[in-house]
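Q: So that we are looking at the same thing, I have put the structure below in structure tokens.
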Amino acid sequence: MLHLRRNYPFNTQLRTSDGSPVAEFFVSRWDIRKNMIAGKRKIMERYCAYFHETMFQMTLKLNETKWIFLMDANGLNIKQHTCLACLPFYLDFTVTYERNYPNTAEHIITINAPRLWGVILQVIRPALSVGSRKALKVFDSNKADYLPFLLELFERNQIHRAFGGTRQN
């Protein structure tokens with residue numbers, strides 16, 4: 001998993017103001033197509049399980065009941081993220097969550113979502129439970145829309161500067 005963790009990084013150091021763990025990642029750093037066209041879907045499925053299990057275990061360790069999924073979709077593109085070979089990854093990611101860790105994410109947040117994100121949502125929405133659909137929050141690049149929501153969850157110094165906060169890394 002270390003190789004995949006380097007190529008598909010996510011930050012687990014962030015906490016909400018009330019202590020809930022956060023999985024934060026930047027889609028521009030993930031080249032999903034690379035492994036999917038190389039026939040490594042099963043490896044990617046295992047990585048999805050690793051991601052969800054990491055967040056589940058962190059939630060238990062912190063004695064919390066929910067975690068936050070925070071994704072920056074800036075840089076999402078057709079070639080690396082939404083090609084036909086890539087779409088099963090999103091479904092696998094969603095199904096792994098719904099089968100094994102349902103309703104453990106308090107919020108599933110996408111920021112800087114381009115119109116292209118709608119293609120992915122069309123693929124995964126049928127696999128989402130009612131609870132996950134309620135947790136899903138999709139924002140475009142208008143900070144005036146998403147920053148007030150983030151400030152309800154985090155102190156400004158905990159929000160990455162890409163999202164309008166002051167945190168550097």
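By order in the structure tokens, chains are A, B, ...; within a chain, residues start at 1; ligands start at 1, following the order shown.
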Give me the range 92-111 of chain A side of the contact with range 130-135 of chain A, cut-off 10 Å, one line per residue showing its nearest atom pair and distance in Å at one decimal, counting only C-alpha atoms, sorted by chain and residue number, as a Markdown table.

A:
| residue | atom | partner | partner_atom | distance |
| --- | --- | --- | --- | --- |
| A:Thr94 | CA | A:Ser132 | CA | 9.7 |
| A:Tyr97 | CA | A:Ser132 | CA | 9.7 |
| A:Glu98 | CA | A:Ser132 | CA | 8.3 |
| A:Pro102 | CA | A:Ser132 | CA | 7.8 |
| A:Asn103 | CA | A:Gly131 | CA | 6.0 |
| A:Thr104 | CA | A:Ser132 | CA | 8.9 |
| A:Ala105 | CA | A:Ala135 | CA | 7.2 |
| A:Glu106 | CA | A:Ala135 | CA | 5.9 |
| A:His107 | CA | A:Ala135 | CA | 4.5 |
| A:Ile108 | CA | A:Ala135 | CA | 5.5 |
| A:Ile109 | CA | A:Ala135 | CA | 7.9 |

Q: For Leu84 in chain A, please output as a count of residues only all residues within 12 Å (counting only C-alpha atoms; exclusion window: fewer than 5 positions along the same chain).

A: 11

Q: Write out as a Markdown table a residue-level contact list of range 95-123 of chain A versus range 140-146 of chain A with cut-off 10 Å: for each qualifying residue the closest pair of atoms and the distance in Å to one decimal, counting only C-alpha atoms, rows sorted by chain and residue number upward.

A:
| residue | atom | partner | partner_atom | distance |
| --- | --- | --- | --- | --- |
| A:Ile109 | CA | A:Tyr146 | CA | 9.5 |
| A:Thr110 | CA | A:Asp140 | CA | 8.2 |
| A:Ile111 | CA | A:Asp140 | CA | 5.9 |
| A:Asn112 | CA | A:Ser141 | CA | 4.1 |
| A:Ala113 | CA | A:Asp140 | CA | 4.7 |
| A:Pro114 | CA | A:Asp140 | CA | 6.3 |
| A:Arg115 | CA | A:Asp140 | CA | 8.4 |
| A:Trp117 | CA | A:Asp140 | CA | 9.7 |

Q: Keeping C-alpha atoms, export the residues of the selection given above as an mmCIF file, in the first residue's frame.

A:
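The new file out_35.cif reads:
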data_model
loop_
_atom_site.group_PDB
_atom_site.id
_atom_site.type_symbol
_atom_site.label_atom_id
_atom_site.label_comp_id
_atom_site.auth_asym_id
_atom_site.auth_seq_id
_atom_site.Cartn_x
_atom_site.Cartn_y
_atom_site.Cartn_z
ATOM 1 C CA ILE A 109 -17.459 17.407 0.607
ATOM 2 C CA THR A 110 -16.209 18.212 -2.871
ATOM 3 C CA ILE A 111 -14.804 21.691 -3.454
ATOM 4 C CA ASN A 112 -13.846 23.259 -6.800
ATOM 5 C CA ALA A 113 -16.032 20.751 -8.593
ATOM 6 C CA PRO A 114 -16.147 21.388 -12.338
ATOM 7 C CA ARG A 115 -19.198 20.450 -14.390
ATOM 8 C CA TRP A 117 -17.797 16.096 -11.672
#

Q: Write down as a ChimeraX atom specification the residues belonging to range 81-135 of chain A that are assigned helix (DSSP H, G or I) by DSSP computed on the backbone.

A: /A:81,87-100,117-127,130-135

Q: What is the CA of His3 in chain A-CA of Lys40 in chain A distance in Å, reported with one decimal?

A: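 About the pair CA of His3 in chain A and CA of Lys40 in chain A: they are 13.2 Å apart.
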